[in-house]
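K.L.:
Following this line is query-v5.pdb, made up of PDB, C-alpha atoms and all ligand atoms:
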ATOM      1  CA  MET A 163     -43.441 146.980  64.068
ATOM      2  CA  ARG A 164     -41.360 146.637  60.916
ATOM      3  CA  ILE A 165     -38.810 149.174  62.248
ATOM      4  CA  ILE A 166     -38.490 147.215  65.489
ATOM      5  CA  LEU A 167     -38.093 143.973  63.544
ATOM      6  CA  ASN A 168     -35.391 145.542  61.358
ATOM      7  CA  LYS A 169     -33.632 146.794  64.480
ATOM      8  CA  ILE A 170     -33.717 143.310  65.962
ATOM      9  CA  ILE A 171     -32.316 141.812  62.739
ATOM     10  CA  ALA A 172     -29.637 144.525  62.575
ATOM     11  CA  PHE A 173     -28.737 143.848  66.213
ATOM     12  CA  TYR A 174     -28.300 140.141  65.567
ATOM     13  CA  MET A 175     -26.320 140.806  62.396
ATOM     14  CA  LEU A 176     -24.027 143.150  64.314
ATOM     15  CA  GLY A 177     -23.734 140.502  67.011
ATOM     16  CA  SER A 178     -22.655 137.857  64.529
ATOM     17  CA  THR A 179     -20.162 140.274  62.930
ATOM     18  CA  LEU A 180     -18.683 141.020  66.326
ATOM     19  CA  GLN A 181     -18.571 137.334  67.131
ATOM     20  CA  ALA A 182     -16.828 136.584  63.833
ATOM     21  CA  ALA A 183     -14.196 139.185  64.680
ATOM     22  CA  GLU A 184     -13.523 137.415  67.951
ATOM     23  CA  GLU A 185     -12.645 134.030  66.525
ATOM     24  CA  VAL A 186      -9.698 132.287  65.026
ATOM     25  CA  THR A 187      -9.864 128.918  63.277
ATOM     26  CA  ILE A 188      -6.880 126.598  63.318
ATOM     27  CA  TYR A 189      -6.341 123.618  61.050
ATOM     28  CA  SER A 190      -3.758 121.649  62.976
ATOM     29  CA  TYR A 191      -1.790 118.464  62.773
ATOM     30  CA  ARG A 192      -0.202 119.040  66.162
ATOM     31  CA  HIS A 193      -1.669 116.440  68.471
ATOM     32  CA  TYR A 194      -0.528 117.343  71.959
ATOM     33  CA  GLU A 195      -2.372 118.277  75.160
ATOM     34  CA  ALA A 196      -0.204 121.350  75.681
ATOM     35  CA  ASP A 197      -1.859 123.009  72.665
ATOM     36  CA  ASP A 198      -5.390 122.894  74.071
ATOM     37  CA  LYS A 199      -4.115 124.352  77.344
ATOM     38  CA  LEU A 200      -2.519 127.231  75.453
ATOM     39  CA  TYR A 201      -5.565 127.927  73.271
ATOM     40  CA  ALA A 202      -7.718 128.178  76.418
ATOM     41  CA  GLN A 203      -5.180 130.578  77.923
ATOM     42  CA  PHE A 204      -5.179 132.676  74.723
ATOM     43  CA  THR A 205      -9.002 132.928  74.797
ATOM     44  CA  GLU A 206      -8.902 133.936  78.438
ATOM     45  CA  GLU A 207      -6.368 136.696  77.760
ATOM     46  CA  THR A 208      -7.782 138.080  74.509
ATOM     47  CA  GLY A 209     -11.457 137.052  74.367
ATOM     48  CA  ILE A 210     -10.749 135.458  70.968
ATOM     49  CA  LYS A 211     -12.404 132.062  70.644
ATOM     50  CA  VAL A 212     -10.192 129.348  69.146
ATOM     51  CA  ASN A 213     -11.817 126.764  66.853
ATOM     52  CA  THR A 214      -9.675 123.766  66.000
ATOM     53  CA  VAL A 215      -9.900 121.259  63.191
ATOM     54  CA  LYS A 216      -7.457 118.371  63.651
ATOM     55  CA  ALA A 217      -6.390 115.999  60.895
ATOM     56  CA  LYS A 218      -3.264 114.849  59.095
ATOM     57  CA  ALA A 219      -1.310 117.695  57.526
ATOM     58  CA  ASP A 220      -1.794 116.531  53.925
ATOM     59  CA  ALA A 221      -5.550 116.141  54.460
ATOM     60  CA  LEU A 222      -5.733 119.660  55.899
ATOM     61  CA  ILE A 223      -3.810 121.109  52.938
ATOM     62  CA  SER A 224      -6.229 119.408  50.491
ATOM     63  CA  ARG A 225      -9.222 120.603  52.484
ATOM     64  CA  ILE A 226      -8.017 124.213  52.473
ATOM     65  CA  GLN A 227      -7.455 123.960  48.691
ATOM     66  CA  THR A 228     -10.950 122.557  48.137
ATOM     67  CA  GLU A 229     -12.573 125.203  50.322
ATOM     68  CA  GLY A 230     -10.788 127.939  48.341
ATOM     69  CA  ASP A 231     -11.732 131.502  49.239
ATOM     70  CA  GLN A 232     -14.601 130.192  51.382
ATOM     71  CA  SER A 233     -12.189 128.412  53.743
ATOM     72  CA  PRO A 234     -12.713 129.255  57.423
ATOM     73  CA  ALA A 235      -9.080 128.296  58.127
ATOM     74  CA  ASP A 236      -7.023 131.156  59.569
ATOM     75  CA  LEU A 237      -3.931 129.273  60.665
ATOM     76  CA  PHE A 238      -2.371 126.068  59.334
ATOM     77  CA  ILE A 239      -0.239 124.250  61.912
ATOM     78  CA  ALA A 240       2.071 121.367  61.059
ATOM     79  CA  ALA A 241       4.535 119.264  63.018
ATOM     80  CA  ASP A 242       7.345 119.461  60.482
ATOM     81  CA  VAL A 243       8.966 121.968  58.151
ATOM     82  CA  GLY A 244       8.357 119.616  55.182
ATOM     83  CA  ARG A 245       4.614 120.130  55.473
ATOM     84  CA  LEU A 246       4.960 123.883  55.982
ATOM     85  CA  GLU A 247       7.010 124.143  52.786
ATOM     86  CA  LYS A 248       4.427 122.015  50.997
ATOM     87  CA  ALA A 249       1.611 124.303  52.194
ATOM     88  CA  LYS A 250       3.588 127.303  50.950
ATOM     89  CA  GLU A 251       4.247 125.686  47.547
ATOM     90  CA  GLU A 252       0.575 124.700  47.199
ATOM     91  CA  GLY A 253      -0.356 128.370  47.620
ATOM     92  CA  ILE A 254      -2.548 128.044  50.708
ATOM     93  CA  LEU A 255      -0.511 130.416  52.889
ATOM     94  CA  GLN A 256       0.140 134.159  52.831
ATOM     95  CA  PRO A 257       3.154 136.082  54.118
ATOM     96  CA  VAL A 258       2.677 138.118  57.290
ATOM     97  CA  THR A 259       4.659 140.967  58.761
ATOM     98  CA  SER A 260       5.053 141.102  62.521
ATOM     99  CA  GLU A 261       7.881 142.746  64.410
ATOM    100  CA  THR A 262       6.936 140.669  67.467
ATOM    101  CA  LEU A 263       7.384 137.422  65.520
ATOM    102  CA  LYS A 264      10.721 138.628  64.187
ATOM    103  CA  LYS A 265      11.821 139.350  67.751
ATOM    104  CA  GLN A 266      10.542 136.087  69.211
ATOM    105  CA  VAL A 267      11.541 133.626  66.480
ATOM    106  CA  PRO A 268      15.207 133.269  65.465
ATOM    107  CA  ALA A 269      15.622 133.898  61.712
ATOM    108  CA  GLU A 270      16.804 130.333  60.969
ATOM    109  CA  LEU A 271      13.487 128.992  62.325
ATOM    110  CA  ARG A 272      11.334 131.201  60.072
ATOM    111  CA  ASP A 273      10.610 131.210  56.347
ATOM    112  CA  SER A 274      12.755 133.897  54.723
ATOM    113  CA  SER A 275       9.703 135.252  52.885
ATOM    114  CA  ASP A 276       7.481 135.082  56.012
ATOM    115  CA  PHE A 277       4.999 132.408  54.880
ATOM    116  CA  TRP A 278       5.563 130.301  57.989
ATOM    117  CA  THR A 279       7.218 130.460  61.359
ATOM    118  CA  GLY A 280       8.469 127.879  63.841
ATOM    119  CA  ILE A 281       6.562 127.399  67.097
ATOM    120  CA  THR A 282       8.669 124.741  68.802
ATOM    121  CA  VAL A 283      11.943 122.904  68.164
ATOM    122  CA  ARG A 284      12.590 119.173  68.295
ATOM    123  CA  ALA A 285      15.798 117.219  67.733
ATOM    124  CA  ARG A 286      15.819 113.825  65.987
ATOM    125  CA  VAL A 287      18.293 111.953  68.165
ATOM    126  CA  ILE A 288      19.629 108.479  68.795
ATOM    127  CA  VAL A 289      18.363 106.731  71.914
ATOM    128  CA  TYR A 290      20.167 103.618  73.119
ATOM    129  CA  ALA A 291      19.838 100.925  75.765
ATOM    130  CA  LYS A 292      22.028 101.797  78.755
ATOM    131  CA  ASN A 293      22.918  98.167  79.399
ATOM    132  CA  LYS A 294      23.999  97.457  75.806
ATOM    133  CA  VAL A 295      25.814 100.543  74.575
ATOM    134  CA  LYS A 296      28.676 102.362  76.263
ATOM    135  CA  ALA A 297      28.639 106.143  76.643
ATOM    136  CA  GLY A 298      30.530 107.674  73.730
ATOM    137  CA  GLU A 299      30.164 104.558  71.564
ATOM    138  CA  ILE A 300      27.773 106.334  69.184
ATOM    139  CA  LYS A 301      28.992 109.637  67.797
ATOM    140  CA  SER A 302      27.077 109.968  64.557
ATOM    141  CA  TYR A 303      24.004 108.841  62.596
ATOM    142  CA  ASP A 304      26.621 107.232  60.328
ATOM    143  CA  ASP A 305      27.748 104.903  63.146
ATOM    144  CA  LEU A 306      24.399 103.088  63.106
ATOM    145  CA  ALA A 307      24.905 102.324  59.411
ATOM    146  CA  LYS A 308      28.203 100.469  60.072
ATOM    147  CA  PRO A 309      28.339  96.650  59.747
ATOM    148  CA  GLU A 310      28.911  96.150  63.504
ATOM    149  CA  TRP A 311      25.369  97.434  64.093
ATOM    150  CA  LYS A 312      23.742  94.669  62.065
ATOM    151  CA  GLY A 313      20.456  93.587  63.652
ATOM    152  CA  ARG A 314      20.760  96.216  66.391
ATOM    153  CA  VAL A 315      18.877  99.322  65.180
ATOM    154  CA  LEU A 316      15.266 100.440  64.794
ATOM    155  CA  ALA A 317      13.400 103.326  63.204
ATOM    156  CA  ARG A 318       9.830 103.912  62.124
ATOM    157  CA  SER A 319       8.526 103.814  58.563
ATOM    158  CA  SER A 320       9.955 105.978  55.803
ATOM    159  CA  SER A 321       6.486 107.381  55.086
ATOM    160  CA  ASN A 322       6.888 109.333  58.315
ATOM    161  CA  ILE A 323       7.742 112.976  57.719
ATOM    162  CA  TYR A 324      10.224 113.142  60.625
ATOM    163  CA  ASN A 325      12.349 110.488  58.905
ATOM    164  CA  GLN A 326      11.900 112.166  55.527
ATOM    165  CA  SER A 327      13.160 115.464  56.943
ATOM    166  CA  LEU A 328      16.122 113.732  58.595
ATOM    167  CA  LEU A 329      17.118 112.169  55.285
ATOM    168  CA  ALA A 330      16.386 115.447  53.466
ATOM    169  CA  SER A 331      18.899 117.110  55.793
ATOM    170  CA  PHE A 332      21.489 114.478  54.822
ATOM    171  CA  ILE A 333      20.737 115.227  51.146
ATOM    172  CA  ALA A 334      21.081 118.959  51.750
ATOM    173  CA  ASN A 335      24.447 118.384  53.476
ATOM    174  CA  ASN A 336      26.022 115.578  51.419
ATOM    175  CA  GLY A 337      23.932 114.961  48.309
ATOM    176  CA  GLU A 338      21.441 112.291  47.264
ATOM    177  CA  GLU A 339      23.913 109.482  46.640
ATOM    178  CA  LYS A 340      25.466 109.535  50.112
ATOM    179  CA  ALA A 341      22.043 109.897  51.742
ATOM    180  CA  THR A 342      20.728 106.885  49.818
ATOM    181  CA  GLN A 343      23.777 104.836  50.833
ATOM    182  CA  TRP A 344      23.169 105.731  54.484
ATOM    183  CA  ALA A 345      19.494 104.725  54.239
ATOM    184  CA  GLN A 346      20.464 101.417  52.575
ATOM    185  CA  ALA A 347      23.057 100.592  55.226
ATOM    186  CA  PHE A 348      20.821 101.606  58.154
ATOM    187  CA  ARG A 349      17.954  99.624  56.706
ATOM    188  CA  ALA A 350      20.220  96.549  56.416
ATOM    189  CA  ASN A 351      21.029  96.899  60.137
ATOM    190  CA  MET A 352      17.416  96.954  61.321
ATOM    191  CA  ALA A 353      16.360  94.364  63.902
ATOM    192  CA  ARG A 354      12.941  94.195  62.196
ATOM    193  CA  GLU A 355      10.974  95.915  59.434
ATOM    194  CA  PRO A 356       9.821  99.404  60.449
ATOM    195  CA  GLU A 357       6.572  99.477  62.415
ATOM    196  CA  GLY A 358       4.942 101.681  65.023
ATOM    197  CA  SER A 359       5.648 105.148  66.338
ATOM    198  CA  ASP A 360       8.772 106.770  67.783
ATOM    199  CA  ARG A 361       7.607 105.701  71.248
ATOM    200  CA  ASP A 362       7.201 102.104  70.013
ATOM    201  CA  GLN A 363      10.829 102.062  68.813
ATOM    202  CA  MET A 364      11.974 103.002  72.326
ATOM    203  CA  ARG A 365       9.683 100.411  73.943
ATOM    204  CA  SER A 366      11.233  97.770  71.691
ATOM    205  CA  VAL A 367      14.789  98.865  72.518
ATOM    206  CA  ALA A 368      13.978  98.776  76.247
ATOM    207  CA  ALA A 369      12.499  95.283  75.744
ATOM    208  CA  GLY A 370      15.802  94.113  74.246
ATOM    209  CA  LEU A 371      14.748  93.781  70.603
ATOM    210  CA  ALA A 372      17.444  96.218  69.468
ATOM    211  CA  ASP A 373      20.174  98.389  70.984
ATOM    212  CA  ALA A 374      19.434 101.824  69.528
ATOM    213  CA  CYS A 375      16.768 103.761  67.621
ATOM    214  CA  ILE A 376      16.129 107.166  66.075
ATOM    215  CA  VAL A 377      13.390 109.308  67.663
ATOM    216  CA  ASN A 378      12.275 112.864  68.372
ATOM    217  CA  THR A 379      13.383 114.196  71.743
ATOM    218  CA  TYR A 380       9.940 115.096  73.142
ATOM    219  CA  TYR A 381       8.792 111.484  72.906
ATOM    220  CA  VAL A 382      11.533 110.566  75.391
ATOM    221  CA  GLY A 383      10.119 113.249  77.708
ATOM    222  CA  LEU A 384       6.570 111.985  77.231
ATOM    223  CA  LEU A 385       7.625 108.422  78.125
ATOM    224  CA  ALA A 386       9.662 109.560  81.127
ATOM    225  CA  ASN A 387       6.687 111.540  82.465
ATOM    226  CA  SER A 388       3.934 109.164  81.425
ATOM    227  CA  THR A 389       1.122 108.244  83.816
ATOM    228  CA  ASP A 390       1.799 104.644  82.740
ATOM    229  CA  LYS A 391       4.546 103.135  84.908
ATOM    230  CA  LYS A 392       5.536 100.755  82.098
ATOM    231  CA  ASP A 393       6.490 103.730  79.927
ATOM    232  CA  ARG A 394       8.417 105.384  82.753
ATOM    233  CA  ASP A 395      10.352 102.119  83.160
ATOM    234  CA  VAL A 396      11.110 102.168  79.416
ATOM    235  CA  ALA A 397      12.559 105.686  79.648
ATOM    236  CA  ALA A 398      14.675 104.704  82.664
ATOM    237  CA  LYS A 399      16.486 102.096  80.566
ATOM    238  CA  LEU A 400      17.444 104.541  77.793
ATOM    239  CA  THR A 401      20.030 107.230  77.162
ATOM    240  CA  VAL A 402      19.677 110.161  74.770
ATOM    241  CA  CYS A 403      22.590 110.783  72.411
ATOM    242  CA  PHE A 404      22.940 113.903  70.260
ATOM    243  CA  PRO A 405      24.719 112.735  67.081
ATOM    244  CA  ASP A 406      27.292 114.596  65.020
ATOM    245  CA  GLN A 407      28.527 116.904  67.764
ATOM    246  CA  ASP A 408      32.037 116.881  66.279
ATOM    247  CA  SER A 409      30.758 117.625  62.787
ATOM    248  CA  LYS A 410      27.599 119.243  61.396
ATOM    249  CA  GLY A 411      25.435 118.908  64.527
ATOM    250  CA  THR A 412      22.214 117.049  65.356
ATOM    251  CA  HIS A 413      19.263 117.342  62.976
ATOM    252  CA  ILE A 414      16.554 119.614  64.340
ATOM    253  CA  ASN A 415      13.121 120.398  63.003
ATOM    254  CA  ILE A 416      10.244 122.623  64.005
ATOM    255  CA  SER A 417       6.575 122.432  64.451
ATOM    256  CA  GLY A 418       5.224 125.626  63.008
ATOM    257  CA  ALA A 419       2.415 127.570  61.431
ATOM    258  CA  GLY A 420       1.442 129.860  58.596
ATOM    259  CA  VAL A 421      -1.501 132.202  58.108
ATOM    260  CA  CYS A 422      -3.879 130.873  55.451
ATOM    261  CA  LYS A 423      -4.252 132.748  52.184
ATOM    262  CA  HIS A 424      -7.990 133.408  52.629
ATOM    263  CA  ALA A 425      -7.936 133.741  56.430
ATOM    264  CA  PRO A 426     -11.168 135.495  57.477
ATOM    265  CA  ASN A 427      -9.509 136.487  60.782
ATOM    266  CA  LYS A 428      -5.965 137.299  59.718
ATOM    267  CA  GLN A 429      -5.211 139.696  62.576
ATOM    268  CA  ASN A 430      -6.405 137.181  65.174
ATOM    269  CA  ALA A 431      -4.252 134.521  63.539
ATOM    270  CA  ILE A 432      -1.202 136.798  63.837
ATOM    271  CA  LYS A 433      -2.108 137.524  67.474
ATOM    272  CA  LEU A 434      -2.268 133.785  68.173
ATOM    273  CA  LEU A 435       1.095 133.228  66.482
ATOM    274  CA  GLU A 436       2.616 135.996  68.587
ATOM    275  CA  PHE A 437       1.105 134.389  71.686
ATOM    276  CA  LEU A 438       2.356 130.872  70.862
ATOM    277  CA  THR A 439       5.894 132.140  70.299
ATOM    278  CA  SER A 440       5.918 134.275  73.470
ATOM    279  CA  ASN A 441       8.126 133.243  76.409
ATOM    280  CA  LYS A 442       5.168 132.181  78.518
ATOM    281  CA  ALA A 443       3.699 129.845  75.875
ATOM    282  CA  GLN A 444       7.149 128.534  75.004
ATOM    283  CA  ASP A 445       7.543 127.533  78.631
ATOM    284  CA  THR A 446       4.304 125.524  78.478
ATOM    285  CA  PHE A 447       5.407 123.660  75.330
ATOM    286  CA  THR A 448       8.622 122.740  77.126
ATOM    287  CA  SER A 449       7.168 121.822  80.520
ATOM    288  CA  SER A 450       4.114 119.925  79.170
ATOM    289  CA  ASN A 451       5.337 118.445  75.904
ATOM    290  CA  TYR A 452       9.136 118.396  76.371
ATOM    291  CA  GLU A 453       9.764 120.253  73.121
ATOM    292  CA  TYR A 454      12.612 122.738  72.953
ATOM    293  CA  PRO A 455      11.650 126.405  72.981
ATOM    294  CA  LEU A 456      12.520 128.451  69.890
ATOM    295  CA  VAL A 457      15.392 129.915  71.882
ATOM    296  CA  ARG A 458      16.967 126.754  73.283
ATOM    297  CA  GLU A 459      18.926 128.633  75.968
ATOM    298  CA  ASN A 460      15.532 129.379  77.572
ATOM    299  CA  THR A 461      14.787 125.699  78.179
ATOM    300  CA  SER A 462      13.206 125.423  81.620
ATOM    301  CA  SER A 463      12.558 121.657  81.711
ATOM    302  CA  GLU A 464      14.895 119.885  84.136
ATOM    303  CA  LEU A 465      14.758 116.749  81.986
ATOM    304  CA  LEU A 466      15.842 118.591  78.840
ATOM    305  CA  LYS A 467      18.515 120.410  80.809
ATOM    306  CA  SER A 468      19.777 117.044  82.099
ATOM    307  CA  TRP A 469      20.532 115.985  78.507
ATOM    308  CA  GLY A 470      22.873 118.976  78.228
ATOM    309  CA  SER A 471      23.132 121.596  75.506
ATOM    310  CA  PHE A 472      23.942 120.451  72.002
ATOM    311  CA  LYS A 473      25.100 121.700  68.627
ATOM    312  CA  SER A 474      22.359 121.566  65.983
ATOM    313  CA  ASP A 475      22.730 121.241  62.231
ATOM    314  CA  SER A 476      22.672 124.831  61.029
ATOM    315  CA  ILE A 477      21.344 124.033  57.564
ATOM    316  CA  LYS A 478      18.358 126.243  56.684
ATOM    317  CA  LEU A 479      15.058 124.506  57.442
ATOM    318  CA  GLU A 480      13.654 125.769  54.143
ATOM    319  CA  LYS A 481      16.341 123.780  52.363
ATOM    320  CA  ILE A 482      15.326 120.615  54.207
ATOM    321  CA  GLY A 483      11.692 121.181  53.208
ATOM    322  CA  LYS A 484      12.700 121.420  49.569
ATOM    323  CA  HIS A 485      14.490 118.044  49.564
ATOM    324  CA  ARG A 486      11.548 116.054  50.965
ATOM    325  CA  LYS A 487      10.632 114.463  47.621
ATOM    326  CA  ALA A 488      14.234 113.414  46.986
ATOM    327  CA  ALA A 489      14.264 111.901  50.483
ATOM    328  CA  ALA A 490      11.156 109.836  49.754
ATOM    329  CA  LYS A 491      12.855 108.582  46.577
ATOM    330  CA  ALA A 492      16.038 107.691  48.460
ATOM    331  CA  PHE A 493      14.039 105.689  51.021
ATOM    332  CA  LEU A 494      12.338 103.830  48.200
ATOM    333  CA  LEU A 495      15.699 102.974  46.616
ATOM    334  CA  ALA A 496      16.939 101.814  50.024
ATOM    335  CA  GLY A 497      13.961  99.489  50.466
ATOM    336  CA  TRP A 498      13.119 101.187  53.792
ATOM    337  CA  LYS A 499       9.412 100.466  54.202
TER     338      LYS A 499
HETATM  339 FE    FE A 501       5.119 114.049  66.902
END
How would this structure read if it were set down as structure tokens?

P.N.:
Amino acid sequence: MRIILNKIIAFYMLGSTLQAAEEVTIYSYRHYEADDKLYAQFTEETGIKVNTVKAKADALISRIQTEGDQSPADLFIAADVGRLEKAKEEGILQPVTSETLKKQVPAELRDSSDFWTGITVRARVIVYAKNKVKAGEIKSYDDLAKPEWKGRVLARSSSNIYNQSLLASFIANNGEEKATQWAQAFRANMAREPEGSDRDQMRSVAAGLADACIVNTYYVGLLANSTDKKDRDVAAKLTVCFPDQDSKGTHINISGAGVCKHAPNKQNAIKLLEFLTSNKAQDTFTSSNYEYPLVRENTSSELLKSWGSFKSDSIKLEKIGKHRKAAAKAFLLAGWK
């Protein structure tokens, strides 16, 4: 009887070991429907179950630190290079080697010491009201800081990481002083104090509150393809402008991921990363969430193609991540809430 009992226990223990080997746990700040679709597809193809924990990136970093070597987190996913750099600096990630990742992700969109990799690309562009601004009138982020734009611009709060990375890129290119001056001048031109999301800025521009705003490209796509007619009407009133085409290029950022230091399922995490950066998954990110694929020439979305190709700021993303604290300070000096 005892032998049978032991066999049963051993069987169940083996079962749980096997089950553990067929899982991957993601701590993610990405908040888009496309992701769940892709995780389901990954499970179908590999048999690896995907567990997701969603929260704000900073909260996830703290949680992984608190959990220490008992953390179930295999993969940390963030929607901005600033948070990926922070996760690396806080010591919660580990470097991984994968020839597939190296092939699928251009070097400028990966950490040079392999702690994180990009998954998707987004540009932080200027969107303006078609009936208020002429084509070609805006050429640069600097234009919106000129006196003639007083009371005509909008952007969300400076606590937002997308804005911090934009300003960090200005710091990386031109130094803190010039970046602070830009933030001060832009802030002085705002039609109202910062409030709401990127989509809210566009809704306000379409409603006539301001003439132009700064937003991430995929939010334009999400409005244009919304199930809510009001949002589709908003998008129809707006034009996307890629700033700085005659100079350094438009600021781009990534959403990306890194394998956690104590990942219990490291190999599965690498497999998932390879899957998310594969052509097929990249196509889903573009067609469902209107993000740019890692290789922008592969963009399949008609909407994104309609905006045309653009020159992006070639500054290393790592460098942007490193200036995020200086950017927060510059925003504070500028009085940008
Ligand atoms: Fe976002």

K.L.:
Quick one: which region 283-312 of chain A residues come within 8 Å of region 410-420 of chain A, and what is the nearest atom pair for each with the distance in Å to one decimal, counting all atoms listed in the file, rows ordered by chain and ascending number, as JSON lines?

P.N.:
{"residue": "A:Val283", "atom": "CA", "partner": "A:Ile416", "partner_atom": "CA", "distance": 4.5}
{"residue": "A:Arg284", "atom": "CA", "partner": "A:Asn415", "partner_atom": "CA", "distance": 5.5}
{"residue": "A:Ala285", "atom": "CA", "partner": "A:Ile414", "partner_atom": "CA", "distance": 4.2}
{"residue": "A:Arg286", "atom": "CA", "partner": "A:His413", "partner_atom": "CA", "distance": 5.8}
{"residue": "A:Val287", "atom": "CA", "partner": "A:Thr412", "partner_atom": "CA", "distance": 7.0}

K.L.:
Find, counting all atoms listed in the file, the residue in A:Lys312, A:Arg361, A:Lys296, A:Lys433 that gets nearest to ligand FE 501 (chain A).

P.N.:
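Ranked by minimum distance to ligand FE 501 (chain A), first place goes to A:Arg361.
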
K.L.:
Go through A:Cys403, A:Leu222, A:Leu255, A:Ile323 one by one, measure the shortest atom-to-atom distance of each to ligand FE 501 (chain A) using only C-alpha atoms and all ligand atoms, and give the residue with the smallest value.

P.N.:
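The answer is A:Ile323, which sits nearest to ligand FE 501 (chain A).
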
K.L.:
Could you write out as a list in words the residues that the PyMOL selection byres (((not hetatm)) within 10 of (chain A and resi 501)) matches in the shown file?

P.N.:
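This file gives the following for the PyMOL selection byres (((not hetatm)) within 10 of (chain A and resi 501)): Tyr191, Arg192, His193, Tyr194, Ala240, Ala241, Asp242, Arg284, Asn322, Ile323, Tyr324, Ser359, Asp360, Arg361, Val377, Asn378, Thr379, Tyr380, Tyr381, Ser417 and Glu453 of chain A.
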
K.L.:
For the selection you just gave me, I'd like the residues written to a file as a JSON list (two decimals), in the frame of the given file, keeping C-alpha atoms.

P.N.:
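Final output, saved to part02.json:
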[["chain", "number", "residue", "atom", "x", "y", "z"],
["A", 191, "TYR", "CA", -1.79, 118.46, 62.77],
["A", 192, "ARG", "CA", -0.20, 119.04, 66.16],
["A", 193, "HIS", "CA", -1.67, 116.44, 68.47],
["A", 194, "TYR", "CA", -0.53, 117.34, 71.96],
["A", 240, "ALA", "CA", 2.07, 121.37, 61.06],
["A", 241, "ALA", "CA", 4.54, 119.26, 63.02],
["A", 242, "ASP", "CA", 7.34, 119.46, 60.48],
["A", 284, "ARG", "CA", 12.59, 119.17, 68.30],
["A", 322, "ASN", "CA", 6.89, 109.33, 58.32],
["A", 323, "ILE", "CA", 7.74, 112.98, 57.72],
["A", 324, "TYR", "CA", 10.22, 113.14, 60.62],
["A", 359, "SER", "CA", 5.65, 105.15, 66.34],
["A", 360, "ASP", "CA", 8.77, 106.77, 67.78],
["A", 361, "ARG", "CA", 7.61, 105.70, 71.25],
["A", 377, "VAL", "CA", 13.39, 109.31, 67.66],
["A", 378, "ASN", "CA", 12.28, 112.86, 68.37],
["A", 379, "THR", "CA", 13.38, 114.20, 71.74],
["A", 380, "TYR", "CA", 9.94, 115.10, 73.14],
["A", 381, "TYR", "CA", 8.79, 111.48, 72.91],
["A", 417, "SER", "CA", 6.58, 122.43, 64.45],
["A", 453, "GLU", "CA", 9.76, 120.25, 73.12]]

K.L.:
Enter the distance from CA of Gly470 (chain A) to CA of Leu316 (chain A), in Å, rounded to one decimal.

P.N.:
24.1 Å

K.L.:
From the list A:Ser331, A:Asn336, A:Thr259, A:Ser321, which residue is nearest Gly358 (chain A) when using all atoms listed in the file?

P.N.:
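Under the stated criterion, the closest residue is A:Ser321.
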